[in-house]
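Trainee: So here's query03.txt (compact mmCIF, C-alpha atoms).
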```txt
# COMPACT_ATOMS: atom_id res chain seq x y z
CA ASP T 1 -20.89 -48.19 63.99
CA ALA T 2 -22.13 -48.40 67.59
CA GLY T 3 -25.83 -48.20 68.19
CA VAL T 4 -27.62 -46.66 71.15
CA ILE T 5 -25.97 -47.93 74.31
CA GLN T 6 -27.90 -48.31 77.53
CA SER T 7 -26.69 -49.33 80.94
CA PRO T 8 -27.27 -51.26 83.02
CA ARG T 9 -28.95 -54.06 81.11
CA HIS T 10 -30.72 -55.23 84.24
CA GLU T 11 -31.27 -53.52 87.58
CA VAL T 12 -32.81 -55.00 90.67
CA THR T 13 -33.19 -52.81 93.72
CA GLU T 14 -35.36 -52.31 96.75
CA MET T 15 -38.11 -49.77 96.88
CA GLY T 16 -37.08 -46.39 98.14
CA GLN T 17 -33.67 -46.57 96.49
CA GLU T 18 -32.50 -44.17 93.81
CA VAL T 19 -32.18 -45.67 90.35
CA THR T 20 -30.15 -44.15 87.53
CA LEU T 21 -30.44 -45.37 83.97
CA ARG T 22 -27.91 -44.27 81.40
CA CYS T 23 -27.95 -43.80 77.67
CA LYS T 24 -25.40 -42.96 75.03
CA PRO T 25 -27.09 -42.02 71.73
CA ILE T 26 -25.67 -42.64 68.31
CA SER T 27 -23.04 -40.05 67.50
CA GLY T 28 -24.48 -37.16 65.52
CA HIS T 29 -28.08 -37.82 66.44
CA ASP T 30 -29.84 -34.72 67.75
CA TYR T 31 -32.99 -36.28 69.18
CA LEU T 32 -33.06 -38.54 72.22
CA PHE T 33 -36.10 -40.32 73.64
CA TRP T 34 -36.86 -42.22 76.85
CA TYR T 35 -39.63 -44.84 76.82
CA ARG T 36 -41.11 -47.18 79.38
CA GLN T 37 -42.67 -50.50 78.39
CA THR T 38 -44.96 -52.62 80.53
CA MET T 39 -47.48 -55.34 79.74
CA MET T 40 -50.33 -53.24 81.05
CA ARG T 41 -49.52 -49.88 79.49
CA GLY T 42 -47.47 -50.85 76.45
CA LEU T 43 -44.80 -48.49 75.14
CA GLU T 44 -44.98 -45.02 76.69
CA LEU T 45 -42.91 -41.98 75.75
CA LEU T 46 -41.62 -40.39 78.93
CA ILE T 47 -39.56 -37.46 77.64
CA TYR T 48 -37.57 -36.40 74.63
CA PHE T 49 -34.73 -34.00 73.94
CA ASN T 50 -33.64 -32.07 70.89
CA ASN T 51 -30.08 -30.76 70.90
CA ASN T 52 -29.86 -31.61 74.62
CA VAL T 53 -32.93 -29.51 75.48
CA PRO T 54 -36.04 -31.22 76.88
CA ILE T 55 -38.88 -30.66 74.43
CA ASP T 56 -41.75 -32.68 75.87
CA ASP T 57 -41.80 -34.22 79.33
CA SER T 58 -45.56 -34.68 79.53
CA GLY T 59 -45.11 -38.45 79.77
CA MET T 60 -43.02 -38.34 82.93
CA PRO T 61 -45.28 -40.04 85.48
CA GLU T 62 -44.51 -37.89 88.51
CA ASP T 63 -41.88 -35.86 90.27
CA ARG T 64 -40.00 -38.96 91.29
CA PHE T 65 -38.82 -39.19 87.68
CA SER T 66 -36.25 -36.83 86.23
CA ALA T 67 -34.14 -36.86 83.07
CA LYS T 68 -31.10 -34.92 82.03
CA MET T 69 -28.97 -34.58 78.95
CA PRO T 70 -25.83 -32.71 79.95
CA ASN T 71 -24.23 -33.15 76.53
CA ALA T 72 -24.91 -34.64 73.13
CA SER T 73 -23.48 -38.04 74.01
CA PHE T 74 -25.08 -38.81 77.36
CA SER T 75 -28.44 -38.85 79.08
CA THR T 76 -29.76 -40.15 82.39
CA LEU T 77 -33.17 -41.09 83.69
CA LYS T 78 -33.46 -41.07 87.48
CA ILE T 79 -36.14 -42.42 89.73
CA GLN T 80 -36.03 -41.30 93.34
CA PRO T 81 -37.50 -42.83 95.41
CA SER T 82 -38.28 -45.95 93.40
CA GLU T 83 -41.51 -47.92 93.85
CA PRO T 84 -42.51 -51.45 92.77
CA ARG T 85 -44.86 -50.00 90.13
CA ASP T 86 -41.83 -48.51 88.39
CA SER T 87 -40.76 -52.01 87.38
CA ALA T 88 -40.61 -52.05 83.59
CA VAL T 89 -38.27 -52.09 80.63
CA TYR T 90 -36.88 -48.64 79.91
CA PHE T 91 -35.72 -47.86 76.41
CA CYS T 92 -33.61 -45.05 75.12
CA ALA T 93 -33.73 -44.15 71.44
CA SER T 94 -32.04 -41.58 69.26
CA ARG T 95 -32.63 -40.13 65.84
CA LEU T 96 -31.15 -37.77 63.34
CA GLY T 97 -33.72 -35.01 62.99
CA GLN T 98 -33.55 -34.56 59.24
CA GLY T 99 -36.40 -35.85 57.12
CA GLY T 100 -37.79 -39.30 57.73
CA GLN T 101 -34.89 -40.78 59.63
CA PRO T 102 -36.06 -43.63 61.87
CA GLN T 103 -35.46 -43.92 65.59
CA HIS T 104 -32.80 -46.35 66.71
CA PHE T 105 -33.40 -48.05 70.02
CA GLY T 106 -31.05 -49.30 72.68
CA ASP T 107 -31.45 -52.80 74.06
CA GLY T 108 -33.35 -51.48 77.08
CA THR T 109 -32.89 -51.72 80.83
CA ARG T 110 -35.06 -54.18 82.68
CA LEU T 111 -35.79 -52.59 86.04
CA SER T 112 -37.21 -54.57 88.94
CA ILE T 113 -38.14 -52.78 92.15
CA LEU T 114 -38.69 -55.16 95.04
CA ALA E 1 -54.20 -35.30 67.78
CA GLN E 2 -52.55 -37.99 65.76
CA THR E 3 -53.39 -41.58 66.63
CA VAL E 4 -52.26 -44.96 65.38
CA THR E 5 -54.57 -47.96 65.59
CA GLN E 6 -53.64 -51.60 65.24
CA SER E 7 -56.89 -53.50 65.42
CA GLN E 8 -55.41 -56.99 65.66
CA PRO E 9 -53.88 -57.65 69.11
CA GLU E 10 -52.70 -61.11 67.99
CA MET E 11 -52.37 -63.04 64.76
CA SER E 12 -51.11 -66.45 63.74
CA VAL E 13 -49.77 -67.67 60.43
CA GLN E 14 -48.44 -70.96 59.18
CA GLU E 15 -44.75 -71.05 58.38
CA ALA E 16 -44.08 -70.18 54.71
CA GLU E 17 -47.48 -68.52 54.34
CA THR E 18 -48.23 -64.82 53.89
CA VAL E 19 -49.74 -62.60 56.57
CA THR E 20 -50.91 -58.99 56.59
CA LEU E 21 -50.91 -56.81 59.68
CA SER E 22 -53.29 -53.84 59.68
CA CYS E 23 -52.61 -50.28 60.75
CA THR E 24 -54.64 -47.12 60.42
CA TYR E 25 -53.75 -43.65 61.56
CA ASP E 26 -55.41 -40.33 61.95
CA THR E 27 -53.80 -37.08 60.87
CA SER E 28 -54.57 -33.82 59.14
CA GLU E 29 -51.01 -33.50 57.88
CA SER E 30 -49.99 -34.19 54.30
CA ASP E 31 -46.27 -34.69 54.94
CA TYR E 32 -45.30 -37.43 57.38
CA TYR E 33 -43.54 -40.75 57.77
CA LEU E 34 -44.73 -44.21 58.66
CA PHE E 35 -42.77 -47.09 60.15
CA TRP E 36 -43.10 -50.69 61.18
CA TYR E 37 -40.96 -51.89 64.07
CA LYS E 38 -40.50 -55.46 65.22
CA GLN E 39 -39.88 -56.51 68.83
CA PRO E 40 -38.89 -60.18 69.16
CA PRO E 41 -38.68 -61.94 72.55
CA SER E 42 -35.16 -60.56 72.92
CA ARG E 43 -37.01 -57.20 73.42
CA GLN E 44 -34.91 -55.29 70.88
CA MET E 45 -36.88 -52.77 68.83
CA ILE E 46 -35.91 -53.29 65.22
CA LEU E 47 -36.94 -51.15 62.27
CA VAL E 48 -38.61 -53.30 59.63
CA ILE E 49 -39.64 -50.81 56.99
CA ARG E 50 -40.49 -47.15 56.50
CA GLN E 51 -42.59 -45.13 54.09
CA GLU E 52 -42.58 -41.44 53.20
CA ALA E 53 -46.11 -40.11 52.73
CA TYR E 54 -45.14 -38.14 49.63
CA LYS E 55 -44.07 -41.33 47.85
CA GLN E 56 -46.82 -43.24 46.10
CA GLN E 57 -44.73 -46.33 45.62
CA ASN E 58 -45.07 -48.88 48.39
CA ALA E 59 -41.86 -49.63 50.30
CA THR E 60 -40.38 -53.12 50.12
CA GLU E 61 -37.62 -54.78 52.13
CA ASN E 62 -37.02 -58.38 51.07
CA ARG E 63 -40.00 -60.41 52.36
CA PHE E 64 -41.62 -57.34 53.94
CA SER E 65 -43.77 -54.92 52.00
CA VAL E 66 -46.39 -52.33 52.81
CA ASN E 67 -49.70 -51.35 51.32
CA PHE E 68 -49.86 -47.60 51.83
CA GLN E 69 -53.25 -46.06 51.13
CA LYS E 70 -52.87 -42.36 51.90
CA ALA E 71 -56.48 -41.34 51.31
CA ALA E 72 -57.70 -44.15 53.54
CA LYS E 73 -54.92 -43.48 56.09
CA SER E 74 -54.00 -47.13 56.04
CA PHE E 75 -50.53 -48.66 56.28
CA SER E 76 -50.57 -52.45 56.37
CA LEU E 77 -47.52 -54.72 56.55
CA LYS E 78 -47.32 -57.87 54.46
CA ILE E 79 -44.88 -60.60 55.41
CA SER E 80 -44.31 -63.18 52.70
CA ASP E 81 -42.90 -66.66 53.22
CA SER E 82 -43.23 -66.34 57.00
CA GLN E 83 -40.36 -67.74 59.03
CA LEU E 84 -40.12 -68.78 62.65
CA GLY E 85 -37.83 -65.81 63.27
CA ASP E 86 -40.64 -63.45 62.29
CA ALA E 87 -42.47 -64.24 65.53
CA ALA E 88 -42.57 -60.94 67.40
CA MET E 89 -44.64 -57.97 68.44
CA TYR E 90 -45.05 -55.59 65.52
CA PHE E 91 -45.60 -51.88 66.08
CA CYS E 92 -46.91 -49.46 63.51
CA ALA E 93 -45.72 -45.87 63.98
CA TYR E 94 -46.39 -42.40 62.59
CA ARG E 95 -44.31 -39.25 62.71
CA ARG E 96 -44.53 -35.74 61.41
CA THR E 97 -41.30 -34.04 60.42
CA ASN E 98 -39.25 -33.00 63.45
CA ASP E 99 -41.77 -34.39 65.89
CA LYS E 100 -42.07 -37.36 68.19
CA ILE E 101 -43.07 -40.75 66.87
CA ILE E 102 -46.48 -42.15 67.80
CA PHE E 103 -46.75 -45.91 68.19
CA GLY E 104 -49.72 -48.20 67.92
CA LYS E 105 -50.35 -50.75 70.67
CA GLY E 106 -48.85 -53.56 68.65
CA THR E 107 -49.83 -56.87 67.07
CA ARG E 108 -48.32 -60.07 68.41
CA LEU E 109 -47.53 -62.41 65.54
CA HIS E 110 -47.22 -66.16 66.10
CA ILE E 111 -45.65 -68.40 63.48
CA LEU E 112 -47.00 -71.94 63.44
CA PRO E 113 -44.52 -74.63 62.35
```
Please lay out the structure from this file as structure tokens.

Mentor:
Amino acid sequence: DAGVIQSPRHEVTEMGQEVTLRCKPISGHDYLFWYRQTMMRGLELLIYFNNNVPIDDSGMPEDRFSAKMPNASFSTLKIQPSEPRDSAVYFCASRLGQGGQPQHFGDGTRLSIL
Amino acid sequence: AQTVTQSQPEMSVQEAETVTLSCTYDTSESDYYLFWYKQPPSRQMILVIRQEAYKQQNATENRFSVNFQKAAKSFSLKISDSQLGDAAMYFCAYRRTNDKIIFGKGTRLHILP
């Protein structure tokens, strides 16, 4: 059974460029989460969706960040324009909402903005 | 607001020994779930163990067990017979039903050969 799939695995780009991170959750999961991890700030929740609807985007740093979930099997996180301080590892996770089901994480995207 | 506190930023243990990682949380809820996740250098986030608050029995997964003290709001992780592969960052996490998970800041565990 496939886990959460993120792409790309690594992304290196110059500041000012648009960056798009992609996530395919585990089939049947109705919650999807985007996290950012840095040494300084640790693991931060950016936004999460339930049944494709954004529930809490209070962690999105600023308007340069946007996330969409057009259907149950796909989500994107966009940064436009990108800045060096956006460099981090970005994780996507999904979960089945019932009871105490744990979150399952993708392998993350390591983003470097030069 | 719910919070999760891991008071030990780093710990070390000799290979084959036992180590306990501490976690406390703050909540006014009675029904919730607790988790320990492991993040090795490969950066994957791996579920180690989980506990339902309504269960009094402490969860166990092979060499990993928890000491869940609901009244004290404490959820420590015990690793027995530590192995080199256990070296990782360990995150304690709390979640209410149908809500987002809240992570602690993590404890980095070093295994000494």

Trainee: When you get a sec, could you note down which chain T residues fall within 12 Å of chain E, using all atoms listed in the file, as a PyMOL selection string?

Mentor: chain T and resi 3-4+6+9+30-35+37-50+55-57+88-110

Trainee: Nearest to Val48 of chain E: which of E:Pro9, E:Cys92, E:Gly85, E:Asp26 is it, counting only C-alpha atoms?

Mentor: E:Cys92

Trainee: Residues at most 9 Å from segment 12-15 of chain T, counting all atoms listed in the file, excluding those fewer than 3 positions away in the same chain, as a list in words?

Mentor: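 Neighbouring residues, sequence-local ones excluded: Glu18, Val19, Pro81, Ser82, Glu83, Pro84, Arg110, Leu111, Ser112, Ile113 and Leu114 of chain T.
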
Trainee: Please save C-alpha atoms of the selected residues as a PDB file, in the coordinates of the input.

Mentor:
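result27.pdb, freshly written:
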```pdb
ATOM      1  CA  GLU T  18     -32.500 -44.170  93.810  1.00  0.00           C
ATOM      2  CA  VAL T  19     -32.180 -45.670  90.350  1.00  0.00           C
ATOM      3  CA  PRO T  81     -37.500 -42.830  95.410  1.00  0.00           C
ATOM      4  CA  SER T  82     -38.280 -45.950  93.400  1.00  0.00           C
ATOM      5  CA  GLU T  83     -41.510 -47.920  93.850  1.00  0.00           C
ATOM      6  CA  PRO T  84     -42.510 -51.450  92.770  1.00  0.00           C
ATOM      7  CA  ARG T 110     -35.060 -54.180  82.680  1.00  0.00           C
ATOM      8  CA  LEU T 111     -35.790 -52.590  86.040  1.00  0.00           C
ATOM      9  CA  SER T 112     -37.210 -54.570  88.940  1.00  0.00           C
ATOM     10  CA  ILE T 113     -38.140 -52.780  92.150  1.00  0.00           C
ATOM     11  CA  LEU T 114     -38.690 -55.160  95.040  1.00  0.00           C
TER      12      LEU T 114
END
```

Trainee: Please, what distance in Å, to one decimal, runs between atom CA of Ala67 of chain T and atom CA of Ser27 of chain T?

Mentor: 19.4 Å

Trainee: Measure the distance from atom CA of Leu84 of chain E to atom CA of Pro113 of chain E in Å and round it to one decimal.

Mentor: 7.3 Å

Trainee: Between atom CA of Arg36 of chain T and atom CA of Ala87 of chain E, measure the distance and give it in Å to one decimal.

Mentor: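 Atom CA of Arg36 of chain T sits 22.0 Å away from atom CA of Ala87 of chain E.
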
Trainee: Reconstruct all heavy atoms of segment 74-85 of chain E; output as a PDB file, in the frame of the given file.

Mentor:
```pdb
ATOM      1  N   SER E  74     -54.235 -45.728  55.717  1.00  0.00           N
ATOM      2  CA  SER E  74     -54.000 -47.130  56.040  1.00  0.00           C
ATOM      3  C   SER E  74     -52.571 -47.499  55.652  1.00  0.00           C
ATOM      4  O   SER E  74     -52.067 -47.067  54.599  1.00  0.00           O
ATOM      5  CB  SER E  74     -55.001 -48.001  55.282  1.00  0.00           C
ATOM      6  OG  SER E  74     -54.682 -49.355  55.403  1.00  0.00           O
ATOM      7  N   PHE E  75     -51.942 -48.318  56.483  1.00  0.00           N
ATOM      8  CA  PHE E  75     -50.530 -48.660  56.280  1.00  0.00           C
ATOM      9  C   PHE E  75     -50.325 -50.095  56.764  1.00  0.00           C
ATOM     10  O   PHE E  75     -49.852 -50.325  57.864  1.00  0.00           O
ATOM     11  CB  PHE E  75     -49.666 -47.678  57.065  1.00  0.00           C
ATOM     12  CG  PHE E  75     -48.179 -47.852  56.883  1.00  0.00           C
ATOM     13  CD1 PHE E  75     -47.587 -47.738  55.639  1.00  0.00           C
ATOM     14  CD2 PHE E  75     -47.357 -48.104  57.979  1.00  0.00           C
ATOM     15  CE1 PHE E  75     -46.228 -47.884  55.472  1.00  0.00           C
ATOM     16  CE2 PHE E  75     -45.981 -48.253  57.826  1.00  0.00           C
ATOM     17  CZ  PHE E  75     -45.414 -48.144  56.577  1.00  0.00           C
ATOM     18  N   SER E  76     -50.659 -51.059  55.952  1.00  0.00           N
ATOM     19  CA  SER E  76     -50.570 -52.450  56.370  1.00  0.00           C
ATOM     20  C   SER E  76     -49.215 -53.050  55.991  1.00  0.00           C
ATOM     21  O   SER E  76     -48.589 -52.626  55.018  1.00  0.00           O
ATOM     22  CB  SER E  76     -51.713 -53.277  55.770  1.00  0.00           C
ATOM     23  OG  SER E  76     -51.656 -53.225  54.360  1.00  0.00           O
ATOM     24  N   LEU E  77     -48.797 -54.033  56.754  1.00  0.00           N
ATOM     25  CA  LEU E  77     -47.520 -54.720  56.550  1.00  0.00           C
ATOM     26  C   LEU E  77     -47.786 -56.142  56.073  1.00  0.00           C
ATOM     27  O   LEU E  77     -48.524 -56.882  56.734  1.00  0.00           O
ATOM     28  CB  LEU E  77     -46.714 -54.758  57.840  1.00  0.00           C
ATOM     29  CG  LEU E  77     -45.391 -55.549  57.797  1.00  0.00           C
ATOM     30  CD1 LEU E  77     -44.360 -54.832  56.923  1.00  0.00           C
ATOM     31  CD2 LEU E  77     -44.834 -55.756  59.212  1.00  0.00           C
ATOM     32  N   LYS E  78     -47.193 -56.504  54.964  1.00  0.00           N
ATOM     33  CA  LYS E  78     -47.320 -57.870  54.460  1.00  0.00           C
ATOM     34  C   LYS E  78     -45.983 -58.581  54.627  1.00  0.00           C
ATOM     35  O   LYS E  78     -44.935 -58.066  54.218  1.00  0.00           O
ATOM     36  CB  LYS E  78     -47.723 -57.870  52.976  1.00  0.00           C
ATOM     37  CG  LYS E  78     -47.989 -59.276  52.450  1.00  0.00           C
ATOM     38  CD  LYS E  78     -48.605 -59.266  51.053  1.00  0.00           C
ATOM     39  CE  LYS E  78     -47.557 -59.173  49.979  1.00  0.00           C
ATOM     40  NZ  LYS E  78     -48.137 -59.394  48.622  1.00  0.00           N
ATOM     41  N   ILE E  79     -46.062 -59.763  55.241  1.00  0.00           N
ATOM     42  CA  ILE E  79     -44.880 -60.600  55.410  1.00  0.00           C
ATOM     43  C   ILE E  79     -45.079 -61.841  54.551  1.00  0.00           C
ATOM     44  O   ILE E  79     -46.035 -62.608  54.771  1.00  0.00           O
ATOM     45  CB  ILE E  79     -44.654 -60.999  56.885  1.00  0.00           C
ATOM     46  CG1 ILE E  79     -44.634 -59.759  57.779  1.00  0.00           C
ATOM     47  CG2 ILE E  79     -43.358 -61.793  57.033  1.00  0.00           C
ATOM     48  CD1 ILE E  79     -44.582 -60.064  59.270  1.00  0.00           C
ATOM     49  N   SER E  80     -44.220 -62.027  53.598  1.00  0.00           N
ATOM     50  CA  SER E  80     -44.310 -63.180  52.700  1.00  0.00           C
ATOM     51  C   SER E  80     -43.373 -64.286  53.173  1.00  0.00           C
ATOM     52  O   SER E  80     -42.350 -64.016  53.808  1.00  0.00           O
ATOM     53  CB  SER E  80     -43.923 -62.768  51.274  1.00  0.00           C
ATOM     54  OG  SER E  80     -44.731 -61.710  50.822  1.00  0.00           O
ATOM     55  N   ASP E  81     -43.749 -65.533  52.867  1.00  0.00           N
ATOM     56  CA  ASP E  81     -42.900 -66.660  53.220  1.00  0.00           C
ATOM     57  C   ASP E  81     -42.495 -66.581  54.706  1.00  0.00           C
ATOM     58  O   ASP E  81     -41.307 -66.563  55.047  1.00  0.00           O
ATOM     59  CB  ASP E  81     -41.651 -66.684  52.328  1.00  0.00           C
ATOM     60  CG  ASP E  81     -40.774 -67.891  52.551  1.00  0.00           C
ATOM     61  OD1 ASP E  81     -41.288 -68.929  53.022  1.00  0.00           O
ATOM     62  OD2 ASP E  81     -39.553 -67.792  52.288  1.00  0.00           O
ATOM     63  N   SER E  82     -43.477 -66.531  55.571  1.00  0.00           N
ATOM     64  CA  SER E  82     -43.230 -66.340  57.000  1.00  0.00           C
ATOM     65  C   SER E  82     -42.249 -67.370  57.554  1.00  0.00           C
ATOM     66  O   SER E  82     -42.307 -68.559  57.216  1.00  0.00           O
ATOM     67  CB  SER E  82     -44.545 -66.443  57.783  1.00  0.00           C
ATOM     68  OG  SER E  82     -45.440 -65.455  57.370  1.00  0.00           O
ATOM     69  N   GLN E  83     -41.359 -66.889  58.407  1.00  0.00           N
ATOM     70  CA  GLN E  83     -40.360 -67.740  59.030  1.00  0.00           C
ATOM     71  C   GLN E  83     -40.500 -67.687  60.545  1.00  0.00           C
ATOM     72  O   GLN E  83     -41.051 -66.726  61.096  1.00  0.00           O
ATOM     73  CB  GLN E  83     -38.966 -67.277  58.599  1.00  0.00           C
ATOM     74  CG  GLN E  83     -38.755 -67.329  57.097  1.00  0.00           C
ATOM     75  CD  GLN E  83     -37.419 -66.773  56.652  1.00  0.00           C
ATOM     76  OE1 GLN E  83     -36.597 -66.333  57.462  1.00  0.00           O
ATOM     77  NE2 GLN E  83     -37.199 -66.772  55.344  1.00  0.00           N
ATOM     78  N   LEU E  84     -39.995 -68.716  61.196  1.00  0.00           N
ATOM     79  CA  LEU E  84     -40.120 -68.780  62.650  1.00  0.00           C
ATOM     80  C   LEU E  84     -39.517 -67.544  63.317  1.00  0.00           C
ATOM     81  O   LEU E  84     -40.014 -67.066  64.337  1.00  0.00           O
ATOM     82  CB  LEU E  84     -39.456 -70.055  63.193  1.00  0.00           C
ATOM     83  CG  LEU E  84     -40.110 -71.372  62.779  1.00  0.00           C
ATOM     84  CD1 LEU E  84     -39.314 -72.555  63.323  1.00  0.00           C
ATOM     85  CD2 LEU E  84     -41.563 -71.449  63.252  1.00  0.00           C
ATOM     86  N   GLY E  85     -38.483 -66.998  62.716  1.00  0.00           N
ATOM     87  CA  GLY E  85     -37.830 -65.810  63.270  1.00  0.00           C
ATOM     88  C   GLY E  85     -38.653 -64.545  63.140  1.00  0.00           C
ATOM     89  O   GLY E  85     -38.281 -63.508  63.702  1.00  0.00           O
TER      90      GLY E  85
END
```
